[in-house]
>>> print(open('target-v1.txt').read())   # compact mmCIF, C-alpha atoms and all ligand atoms
# COMPACT_ATOMS: atom_id res chain seq x y z
CA THR A 169 -21.87 -59.75 -32.29
CA LEU A 170 -19.96 -57.39 -30.05
CA PRO A 171 -18.65 -54.00 -31.20
CA ARG A 172 -15.00 -54.26 -32.24
CA ILE A 173 -12.31 -52.13 -30.67
CA LEU A 174 -8.54 -51.77 -30.93
CA VAL A 175 -6.05 -51.41 -28.06
CA THR A 176 -2.98 -49.92 -29.71
CA ARG A 177 -0.31 -50.88 -27.16
CA ALA A 178 0.25 -53.52 -24.51
CA ILE A 179 -1.93 -53.00 -21.47
CA TYR A 180 -2.74 -54.68 -18.16
CA PRO A 181 -4.32 -58.09 -18.95
CA ASP A 182 -7.17 -57.53 -16.49
CA VAL A 183 -8.08 -54.28 -18.25
CA LEU A 184 -8.18 -56.23 -21.51
CA ASP A 185 -10.40 -58.82 -19.82
CA HIS A 186 -12.72 -56.03 -18.67
CA LEU A 187 -12.94 -54.71 -22.23
CA GLY A 188 -13.44 -58.26 -23.52
CA ARG A 189 -16.70 -58.52 -21.58
CA HIS A 190 -18.20 -55.79 -23.77
CA PHE A 191 -16.24 -55.81 -27.00
CA GLU A 192 -14.39 -57.96 -29.45
CA VAL A 193 -10.89 -56.73 -28.68
CA ASP A 194 -7.96 -56.61 -31.07
CA SER A 195 -4.89 -55.63 -29.08
CA ASN A 196 -1.22 -55.04 -29.63
CA GLN A 197 -0.08 -57.11 -26.62
CA ALA A 198 3.16 -57.83 -28.53
CA ASP A 199 3.68 -54.05 -28.28
CA GLU A 200 5.46 -53.83 -31.63
CA ALA A 201 5.74 -50.32 -33.08
CA TRP A 202 3.00 -49.45 -35.55
CA ASP A 203 3.42 -46.77 -38.17
CA ALA A 204 0.47 -44.61 -39.28
CA ALA A 205 -0.44 -46.95 -42.15
CA THR A 206 -0.49 -49.99 -39.85
CA LEU A 207 -2.61 -48.16 -37.30
CA ILE A 208 -5.11 -47.29 -40.04
CA ALA A 209 -5.14 -50.90 -41.26
CA LYS A 210 -5.70 -52.20 -37.72
CA LEU A 211 -8.54 -49.73 -37.17
CA GLN A 212 -10.59 -51.06 -40.09
CA GLY A 213 -13.90 -52.41 -38.78
CA LYS A 214 -13.31 -50.93 -35.30
CA VAL A 215 -15.66 -48.48 -33.61
CA GLY A 216 -13.30 -47.56 -30.79
CA ALA A 217 -9.64 -47.40 -29.88
CA LEU A 218 -7.71 -47.22 -26.64
CA THR A 219 -4.81 -45.00 -27.66
CA THR A 220 -1.62 -43.70 -26.09
CA GLY A 221 0.14 -40.39 -26.54
CA GLY A 222 2.22 -41.96 -29.31
CA ASP A 223 -0.78 -42.59 -31.57
CA ARG A 224 -1.44 -39.67 -33.89
CA VAL A 225 -5.17 -39.28 -34.64
CA ASP A 226 -5.40 -36.76 -37.47
CA ALA A 227 -7.60 -35.92 -40.45
CA ALA A 228 -5.89 -38.48 -42.69
CA LEU A 229 -6.47 -41.29 -40.19
CA LEU A 230 -10.06 -40.23 -39.59
CA ALA A 231 -10.80 -40.12 -43.34
CA ALA A 232 -9.40 -43.64 -43.68
CA CYS A 233 -11.41 -44.99 -40.71
CA PRO A 234 -15.01 -43.88 -41.27
CA GLY A 235 -16.42 -46.42 -38.80
CA LEU A 236 -14.42 -45.06 -35.87
CA LYS A 237 -16.53 -43.42 -33.14
CA ILE A 238 -14.17 -42.91 -30.18
CA CYS A 239 -10.50 -42.70 -29.27
CA ALA A 240 -9.85 -43.02 -25.54
CA ASN A 241 -6.36 -41.73 -24.70
CA MET A 242 -4.54 -43.31 -21.77
CA ALA A 243 -2.98 -39.94 -20.88
CA VAL A 244 -4.14 -36.61 -19.51
CA GLY A 245 -2.43 -34.82 -22.42
CA PHE A 246 -4.05 -35.29 -25.82
CA ASN A 247 -1.90 -33.30 -28.21
CA ASN A 248 -1.70 -36.50 -30.30
CA PHE A 249 -5.36 -35.81 -31.18
CA ASP A 250 -6.35 -33.31 -33.83
CA VAL A 251 -9.43 -32.38 -31.82
CA PRO A 252 -11.16 -30.14 -34.41
CA ALA A 253 -10.72 -32.87 -37.05
CA MET A 254 -12.16 -35.46 -34.64
CA THR A 255 -15.15 -33.24 -33.88
CA ALA A 256 -15.73 -32.61 -37.59
CA ALA A 257 -15.60 -36.37 -38.21
CA GLY A 258 -17.99 -37.03 -35.32
CA VAL A 259 -15.35 -38.92 -33.35
CA GLN A 260 -15.37 -38.63 -29.57
CA GLY A 261 -12.03 -38.07 -27.84
CA THR A 262 -11.44 -38.76 -24.17
CA ASN A 263 -8.38 -38.37 -21.94
CA ALA A 264 -7.41 -39.69 -18.50
CA PRO A 265 -7.35 -36.71 -16.11
CA ASP A 266 -7.54 -36.55 -12.30
CA VAL A 267 -6.41 -40.12 -11.54
CA LEU A 268 -2.79 -39.12 -12.20
CA THR A 269 -2.74 -35.64 -10.67
CA GLU A 270 -1.11 -36.35 -7.30
CA THR A 271 1.25 -39.01 -8.67
CA THR A 272 2.46 -36.65 -11.38
CA ALA A 273 2.86 -33.81 -8.89
CA ASP A 274 4.94 -36.13 -6.66
CA PHE A 275 7.22 -36.81 -9.59
CA GLY A 276 7.47 -33.13 -10.47
CA PHE A 277 8.68 -32.54 -6.96
CA ALA A 278 11.05 -35.51 -7.08
CA LEU A 279 12.56 -34.18 -10.30
CA LEU A 280 12.81 -30.68 -8.86
CA MET A 281 14.62 -31.94 -5.78
CA ALA A 282 16.88 -34.28 -7.72
CA THR A 283 17.79 -31.41 -10.03
CA ALA A 284 18.33 -28.67 -7.45
CA ARG A 285 20.31 -31.02 -5.18
CA ARG A 286 22.28 -32.67 -8.01
CA LEU A 287 21.18 -36.15 -7.07
CA THR A 288 21.95 -38.05 -10.26
CA GLU A 289 25.12 -36.11 -11.04
CA SER A 290 26.54 -36.98 -7.64
CA GLU A 291 25.43 -40.59 -7.91
CA HIS A 292 27.22 -40.96 -11.24
CA TYR A 293 30.37 -39.57 -9.59
CA LEU A 294 30.11 -42.09 -6.77
CA ARG A 295 29.39 -45.04 -9.10
CA ALA A 296 32.34 -44.04 -11.26
CA GLY A 297 34.65 -44.46 -8.25
CA GLN A 298 35.58 -40.78 -8.19
CA TRP A 299 34.69 -40.24 -4.50
CA LYS A 300 38.08 -40.24 -2.77
CA ARG A 301 37.81 -37.46 -0.19
CA TRP A 302 35.48 -34.88 1.37
CA ARG A 303 35.45 -31.39 -0.05
CA TYR A 304 33.55 -28.43 1.40
CA ASP A 305 31.84 -27.46 -1.83
CA MET A 306 31.21 -30.92 -3.21
CA PHE A 307 27.94 -31.01 -5.18
CA CYS A 308 26.51 -27.91 -3.57
CA GLY A 309 23.09 -27.30 -5.02
CA SER A 310 20.34 -24.87 -4.20
CA ASP A 311 17.66 -25.01 -1.52
CA ILE A 312 14.08 -25.99 -2.14
CA HIS A 313 12.65 -24.93 1.22
CA GLY A 314 12.06 -21.22 1.57
CA SER A 315 12.82 -20.53 -2.08
CA THR A 316 10.52 -19.15 -4.77
CA LEU A 317 8.74 -21.70 -6.92
CA GLY A 318 7.39 -20.51 -10.27
CA ILE A 319 4.79 -22.73 -11.91
CA ILE A 320 3.83 -22.23 -15.55
CA GLY A 321 0.49 -23.94 -16.23
CA MET A 322 -1.82 -23.98 -13.24
CA GLY A 323 -4.19 -26.85 -14.00
CA ARG A 324 -4.82 -29.67 -11.59
CA ILE A 325 -1.21 -30.86 -11.60
CA GLY A 326 0.20 -27.35 -11.26
CA GLN A 327 -2.04 -26.75 -8.27
CA ALA A 328 -0.96 -30.03 -6.67
CA ILE A 329 2.68 -29.00 -7.07
CA ALA A 330 1.90 -25.57 -5.63
CA ARG A 331 0.37 -27.17 -2.51
CA ARG A 332 3.44 -29.32 -2.01
CA GLY A 333 5.70 -26.29 -2.31
CA ALA A 334 3.67 -23.90 -0.16
CA LEU A 335 2.48 -26.28 2.54
CA GLY A 336 5.30 -28.82 2.64
CA PHE A 337 8.39 -26.77 1.91
CA GLY A 338 7.50 -23.22 2.92
CA MET A 339 8.10 -21.94 -0.60
CA GLN A 340 6.78 -18.70 -2.02
CA VAL A 341 4.71 -19.94 -4.94
CA ILE A 342 4.06 -17.79 -7.97
CA TYR A 343 2.34 -18.97 -11.12
CA HIS A 344 1.49 -17.99 -14.63
CA ASN A 345 -1.43 -19.39 -16.55
CA ARG A 346 -3.59 -18.42 -19.52
CA SER A 347 -6.34 -17.54 -17.07
CA ARG A 348 -6.00 -16.51 -13.47
CA LEU A 349 -7.43 -18.83 -10.78
CA ASP A 350 -10.19 -17.56 -8.52
CA SER A 351 -8.91 -16.22 -5.22
CA ALA A 352 -10.21 -19.17 -3.16
CA THR A 353 -8.25 -21.61 -5.34
CA GLU A 354 -5.18 -19.38 -5.19
CA ALA A 355 -5.42 -19.32 -1.41
CA ALA A 356 -5.93 -23.10 -1.20
CA CYS A 357 -2.69 -23.76 -3.05
CA GLY A 358 -0.83 -20.78 -1.62
CA ALA A 359 0.00 -19.30 -5.02
CA ARG A 360 0.16 -15.78 -6.38
CA TYR A 361 -0.47 -14.88 -10.04
CA VAL A 362 2.31 -13.04 -11.91
CA ASP A 363 3.07 -12.32 -15.56
CA LYS A 364 5.46 -14.65 -17.34
CA ASP A 365 8.46 -12.29 -17.30
CA THR A 366 8.10 -11.66 -13.57
CA LEU A 367 7.91 -15.39 -12.98
CA LEU A 368 11.05 -16.08 -15.03
CA GLN A 369 13.00 -13.30 -13.33
CA THR A 370 11.87 -14.06 -9.78
CA ALA A 371 11.63 -17.83 -9.48
CA ASP A 372 14.47 -19.89 -8.04
CA HIS A 373 12.81 -22.95 -9.55
CA VAL A 374 10.57 -22.98 -12.61
CA VAL A 375 8.27 -25.96 -13.16
CA LEU A 376 6.39 -26.41 -16.45
CA VAL A 377 3.00 -28.12 -16.35
CA VAL A 378 1.29 -26.50 -19.32
CA PRO A 379 -0.51 -28.60 -21.98
CA TYR A 380 1.17 -28.67 -25.38
CA SER A 381 -0.44 -26.72 -28.21
CA ALA A 382 0.75 -24.50 -31.04
CA ALA A 383 0.36 -21.59 -28.59
CA SER A 384 2.57 -23.19 -25.92
CA HIS A 385 5.28 -24.40 -28.37
CA HIS A 386 8.67 -23.26 -27.04
CA THR A 387 7.17 -21.50 -24.01
CA ILE A 388 10.79 -21.66 -22.85
CA GLY A 389 13.34 -20.75 -25.52
CA ALA A 390 16.61 -18.82 -25.58
CA ALA A 391 14.94 -15.49 -24.69
CA GLU A 392 13.11 -16.95 -21.69
CA LEU A 393 16.19 -18.82 -20.48
CA ALA A 394 18.09 -15.52 -20.63
CA ARG A 395 15.56 -13.95 -18.26
CA MET A 396 15.94 -16.66 -15.62
CA LYS A 397 18.37 -16.37 -12.72
CA PRO A 398 21.76 -17.97 -13.36
CA THR A 399 21.16 -19.99 -10.18
CA ALA A 400 17.72 -21.17 -11.30
CA THR A 401 16.44 -24.69 -11.91
CA LEU A 402 14.03 -25.58 -14.73
CA VAL A 403 11.79 -28.66 -14.61
CA ASN A 404 9.66 -29.89 -17.53
CA ILE A 405 7.05 -32.56 -16.80
CA ALA A 406 4.60 -31.17 -19.37
CA ARG A 407 5.43 -32.16 -22.94
CA GLY A 408 8.32 -32.13 -25.31
CA GLY A 409 8.14 -28.96 -27.39
CA ILE A 410 7.21 -26.75 -24.44
CA VAL A 411 10.97 -26.22 -24.12
CA ASP A 412 13.38 -25.56 -26.98
CA ASP A 413 15.73 -28.43 -26.08
CA ALA A 414 18.61 -27.17 -28.24
CA ALA A 415 18.49 -23.73 -26.61
CA LEU A 416 18.26 -25.35 -23.18
CA ALA A 417 21.35 -27.49 -23.83
CA VAL A 418 23.30 -24.32 -24.69
CA ALA A 419 22.04 -22.51 -21.58
CA LEU A 420 23.02 -25.46 -19.38
CA ARG A 421 26.46 -25.82 -20.94
CA GLU A 422 27.15 -22.11 -20.56
CA ARG A 423 25.68 -22.16 -17.02
CA ARG A 424 23.20 -19.46 -17.87
CA ILE A 425 20.86 -21.41 -15.62
CA ALA A 426 22.10 -23.84 -12.97
CA ALA A 427 20.32 -27.04 -13.87
CA ALA A 428 17.32 -28.68 -15.49
CA GLY A 429 15.17 -31.74 -14.86
CA LEU A 430 13.41 -33.16 -17.89
CA ASP A 431 10.87 -35.96 -18.13
CA VAL A 432 9.70 -35.02 -21.64
CA PHE A 433 11.57 -34.20 -24.83
CA GLU A 434 11.16 -32.95 -28.36
CA GLY A 435 11.11 -36.02 -30.62
CA GLU A 436 10.68 -38.64 -27.87
CA PRO A 437 11.97 -41.27 -27.46
CA SER A 438 15.08 -39.68 -28.90
CA VAL A 439 16.77 -37.02 -26.80
CA HIS A 440 18.71 -34.05 -28.13
CA PRO A 441 22.33 -35.29 -28.15
CA ASP A 442 23.62 -32.12 -26.48
CA LEU A 443 21.39 -32.79 -23.45
CA LEU A 444 23.10 -36.16 -23.02
CA THR A 445 26.52 -34.55 -22.71
CA VAL A 446 25.83 -31.77 -20.19
CA PRO A 447 26.21 -32.83 -16.54
CA ASN A 448 23.72 -30.43 -14.97
CA VAL A 449 20.55 -32.04 -16.23
CA VAL A 450 18.47 -34.87 -14.78
CA LEU A 451 16.83 -36.95 -17.51
CA THR A 452 13.95 -39.40 -17.10
CA PRO A 453 11.99 -41.28 -19.82
CA HIS A 454 8.49 -39.73 -19.54
CA ILE A 455 7.53 -41.53 -16.33
CA ALA A 456 5.85 -38.81 -14.24
CA SER A 457 2.58 -40.76 -13.94
CA ALA A 458 4.28 -44.14 -13.66
CA THR A 459 3.23 -45.76 -10.44
CA GLU A 460 1.57 -49.15 -10.56
CA ARG A 461 -1.63 -47.81 -9.02
CA THR A 462 -1.90 -44.74 -11.21
CA ARG A 463 -1.06 -46.44 -14.50
CA ARG A 464 -3.76 -49.01 -13.71
CA ALA A 465 -6.23 -46.23 -12.93
CA MET A 466 -5.38 -44.47 -16.21
CA ALA A 467 -5.86 -47.68 -18.20
CA LYS A 468 -9.11 -48.42 -16.37
CA LEU A 469 -10.42 -44.89 -17.01
CA ALA A 470 -9.61 -45.13 -20.73
CA ALA A 471 -11.37 -48.52 -20.85
CA ASP A 472 -14.36 -47.18 -18.91
CA ASN A 473 -14.64 -44.29 -21.38
CA LEU A 474 -14.93 -46.83 -24.22
CA VAL A 475 -17.56 -48.84 -22.35
CA SER A 476 -19.58 -45.83 -21.24
CA PHE A 477 -19.51 -44.12 -24.62
CA LEU A 478 -20.09 -47.13 -26.86
CA LEU A 479 -22.76 -48.71 -24.62
CA GLN A 480 -24.51 -45.66 -23.16
CA GLY A 481 -23.43 -42.79 -25.41
CA LYS A 482 -21.83 -40.98 -22.47
CA PRO A 483 -18.07 -40.31 -22.40
CA LEU A 484 -16.73 -39.95 -18.84
CA THR A 485 -13.89 -37.52 -19.52
CA PRO A 486 -14.47 -36.02 -22.98
CA VAL A 487 -12.03 -33.65 -24.67
CA ASN A 488 -14.53 -32.58 -27.34
CA ALA A 489 -18.27 -32.07 -27.51
CA LEU A 490 -20.01 -33.71 -30.42
CA PRO A 491 -23.17 -32.11 -31.76
CA SER A 492 -25.95 -34.04 -30.07
CA VAL A 493 -28.76 -35.58 -32.01
CA VAL A 494 -31.86 -33.57 -31.12
CA ALA A 495 -34.96 -35.72 -30.75
CA ALA A 496 -37.89 -34.73 -32.91
CA PRO A 497 -40.60 -32.93 -30.90
C1 LIG A 501 1.42 -38.19 -19.87
O1 LIG A 501 2.26 -37.50 -20.36
C2 LIG A 501 0.04 -37.83 -19.88
O2 LIG A 501 -0.34 -36.89 -20.59
O3 LIG A 501 -0.73 -38.49 -19.17
C1 LIG A 502 -3.74 -30.85 -17.00
O1 LIG A 502 -4.73 -31.26 -17.58
C2 LIG A 502 -3.57 -30.97 -15.56
O2 LIG A 502 -4.23 -31.85 -14.98
O3 LIG A 502 -2.77 -30.20 -15.02
>>> encode(input="target-v1.txt", output="structure tokens")
Amino acid sequence: TLPRILVTRAIYPDVLDHLGRHFEVDSNQADEAWDAATLIAKLQGKVGALTTGGDRVDAALLAACPGLKICANMAVGFNNFDVPAMTAAGVQGTNAPDVLTETTADFGFALLMATARRLTESEHYLRAGQWKRWRYDMFCGSDIHGSTLGIIGMGRIGQAIARRGALGFGMQVIYHNRSRLDSATEAACGARYVDKDTLLQTADHVVLVVPYSAASHHTIGAAELARMKPTATLVNIARGGIVDDAALAVALRERRIAAAGLDVFEGEPSVHPDLLTVPNVVLTPHIASATERTRRAMAKLAADNLVSFLLQGKPLTPVNALPSVVAAP
């Protein structure tokens, strides 16, 4: 009999077919919401799971699912995994990096441009029938080209955004990251390392691409917003919780910064009600990696991690290292 796995949300049917060649697959094609207890119940008898960012894999789940060997996340971020608990339980975690880097950077740029140039705000005005005459200062925004782009979190996606800014739009690119890039990588993406305060004070546009962890919780809160230029734009394509959404809503309402573009939120899929009532924010429902090609590639990579790990013992894109079994001499 084939090893049994769980696919926790609806997924491309051909990816399910691919998995079905190697495993007995139980999948949530109906895509109904599962609470933690249901997820645990569904995982009984399963050795692997294809998970999404909405599936919390923590010590309680691991204790209740002793047969589980791998969770393959269909996302580059994996803050839904308690990685130390998974390692302690001998459960492999994998994520879906690289295949979404350029797509996500494209969206970061789209959100930056939409925000700085007030794209959705002006469209709402037009749709509402309010466009009656020309006015010299109608929906004036701020320039992208030639401005200073500050990137917080300089992983693969941050670097891809830096290249777009430096090479495509003639921006001065500054970045802050836990560790500084080597100078060849800095040169390749045209970016200069600065401390966080300098970045906040200097950047015309701040883009957040830092992974979520306890250490990056509220990287941008009231104090950081106060350091930014009143003309500045803030874009978050990283994770909810990187920004203090309540503090941001206040800063936007009081025009302490000019505008924000948000693809991720604290408490998704609900959105802080104050963000829904301020005009100078562009809001999208966590879609930065959502192109047909990239979502397929992410699903395929998660599936391939399950196949490679459960059949050959080799995860393709691991997020933890399990102690290996040392062969007797
Ligand atoms: C999406 O947010 C991802 O982490 O891939
Ligand atoms: C994060 O993992 C990134 O790719 O930027």
>>> closest_residue(input="target-v1.txt", among="A:Gly318, A:Pro441, A:Gly216, A:Pro453", to="ligand LIG 501 (chain A)", atoms="all atoms listed in the file")
A:Pro453
>>> axis_aligned_box(input="target-v1.txt", around="ligand LIG 501 (chain A)", padding_each_side="6 Å", output="JSON")
{"center_x": 0.8, "center_y": -37.7, "center_z": -19.9, "size_x": 15.0, "size_y": 13.6, "size_z": 13.4}
>>> residues_around(input="target-v1.txt", residues="Arg346 (chain A)", least_positions_apart="3", cutoff="10 Å", atoms="only C-alpha atoms", output="list of chain:residue names")
A:Ile320, A:Gly321, A:Met322, A:Leu349, A:Asp363, A:Val378
>>> write_last_selection(input="target-v1.txt", atoms="C-alpha atoms", output="mmCIF file, in the coordinates of the input")
data_model
loop_
_atom_site.group_PDB
_atom_site.id
_atom_site.type_symbol
_atom_site.label_atom_id
_atom_site.label_comp_id
_atom_site.auth_asym_id
_atom_site.auth_seq_id
_atom_site.Cartn_x
_atom_site.Cartn_y
_atom_site.Cartn_z
ATOM 1 C CA ILE A 320 3.830 -22.230 -15.550
ATOM 2 C CA GLY A 321 0.490 -23.940 -16.230
ATOM 3 C CA MET A 322 -1.820 -23.980 -13.240
ATOM 4 C CA LEU A 349 -7.430 -18.830 -10.780
ATOM 5 C CA ASP A 363 3.070 -12.320 -15.560
ATOM 6 C CA VAL A 378 1.290 -26.500 -19.320
#
>>> atom_distance(input="target-v1.txt", atom1="CA of Gly314 (chain A)", atom2="CA of Gly338 (chain A)")
5.2 Å
>>> residues_near_ligand(input="target-v1.txt", ligand="ligand LIG 501 (chain A)", cutoff="7 Å", atoms="only C-alpha atoms and all ligand atoms", output="PyMOL selection string")
chain A and resi 221+242-246+264+406-407+454+457
>>> residues_near_ligand(input="target-v1.txt", ligand="ligand LIG 502 (chain A)", cutoff="6 Å", atoms="all atoms listed in the file", output="VMD selection string")
chain A and resid 244 265 269 323 to 326
>>> closest_residue(input="target-v1.txt", among="A:Gln260, A:Asn448, A:Ser381, A:Thr220", to="Leu478 (chain A)", atoms="only C-alpha atoms")
A:Gln260
>>> atom_distance(input="target-v1.txt", atom1="CA of Thr366 (chain A)", atom2="CA of Glu392 (chain A)")
10.9 Å
>>> residues_around(input="target-v1.txt", residues="Phe433 (chain A)", least_positions_apart="4", cutoff="12 Å", atoms="only C-alpha atoms", output="mmCIF file with C-alpha atoms, in the coordinates of the input")
data_model
loop_
_atom_site.group_PDB
_atom_site.id
_atom_site.type_symbol
_atom_site.label_atom_id
_atom_site.label_comp_id
_atom_site.auth_asym_id
_atom_site.auth_seq_id
_atom_site.Cartn_x
_atom_site.Cartn_y
_atom_site.Cartn_z
ATOM 1 C CA TYR A 380 1.170 -28.670 -25.380
ATOM 2 C CA HIS A 386 8.670 -23.260 -27.040
ATOM 3 C CA VAL A 403 11.790 -28.660 -14.610
ATOM 4 C CA ASN A 404 9.660 -29.890 -17.530
ATOM 5 C CA ILE A 405 7.050 -32.560 -16.800
ATOM 6 C CA ALA A 406 4.600 -31.170 -19.370
ATOM 7 C CA ARG A 407 5.430 -32.160 -22.940
ATOM 8 C CA GLY A 408 8.320 -32.130 -25.310
ATOM 9 C CA GLY A 409 8.140 -28.960 -27.390
ATOM 10 C CA ILE A 410 7.210 -26.750 -24.440
ATOM 11 C CA VAL A 411 10.970 -26.220 -24.120
ATOM 12 C CA ASP A 412 13.380 -25.560 -26.980
ATOM 13 C CA ASP A 413 15.730 -28.430 -26.080
ATOM 14 C CA ALA A 414 18.610 -27.170 -28.240
ATOM 15 C CA LEU A 416 18.260 -25.350 -23.180
ATOM 16 C CA ALA A 417 21.350 -27.490 -23.830
ATOM 17 C CA GLY A 429 15.170 -31.740 -14.860
ATOM 18 C CA PRO A 437 11.970 -41.270 -27.460
ATOM 19 C CA SER A 438 15.080 -39.680 -28.900
ATOM 20 C CA VAL A 439 16.770 -37.020 -26.800
ATOM 21 C CA HIS A 440 18.710 -34.050 -28.130
ATOM 22 C CA PRO A 441 22.330 -35.290 -28.150
ATOM 23 C CA LEU A 443 21.390 -32.790 -23.450
ATOM 24 C CA LEU A 444 23.100 -36.160 -23.020
ATOM 25 C CA LEU A 451 16.830 -36.950 -17.510
ATOM 26 C CA THR A 452 13.950 -39.400 -17.100
ATOM 27 C CA PRO A 453 11.990 -41.280 -19.820
ATOM 28 C CA HIS A 454 8.490 -39.730 -19.540
ATOM 29 C CA ILE A 455 7.530 -41.530 -16.330
#
>>> closest_residue(input="target-v1.txt", among="A:Leu170, A:Val175, A:Ala458, A:Ala371", to="His190 (chain A)", atoms="all atoms listed in the file")
A:Leu170
>>> decode(input="target-v1.txt", residues="region 476-489 of chain A", atoms="C-alpha atoms", output="PDB file, in the first residue's frame")
ATOM      1  CA  SER A 476      11.613  13.365  -2.766  1.00  0.00           C
ATOM      2  CA  PHE A 477      11.562  13.189   1.020  1.00  0.00           C
ATOM      3  CA  LEU A 478       9.152  10.288   1.483  1.00  0.00           C
ATOM      4  CA  LEU A 479      10.615   8.181  -1.357  1.00  0.00           C
ATOM      5  CA  GLN A 480      14.311   9.083  -1.233  1.00  0.00           C
ATOM      6  CA  GLY A 481      14.763  10.703   2.179  1.00  0.00           C
ATOM      7  CA  LYS A 482      15.926  13.952   0.563  1.00  0.00           C
ATOM      8  CA  PRO A 483      13.935  17.174   0.998  1.00  0.00           C
ATOM      9  CA  LEU A 484      14.505  19.631  -1.878  1.00  0.00           C
ATOM     10  CA  THR A 485      14.031  22.886   0.028  1.00  0.00           C
ATOM     11  CA  PRO A 486      14.246  22.075   3.757  1.00  0.00           C
ATOM     12  CA  VAL A 487      13.655  24.636   6.489  1.00  0.00           C
ATOM     13  CA  ASN A 488      15.106  22.423   9.227  1.00  0.00           C
ATOM     14  CA  ALA A 489      17.854  19.841   9.459  1.00  0.00           C
TER      15      ALA A 489
END
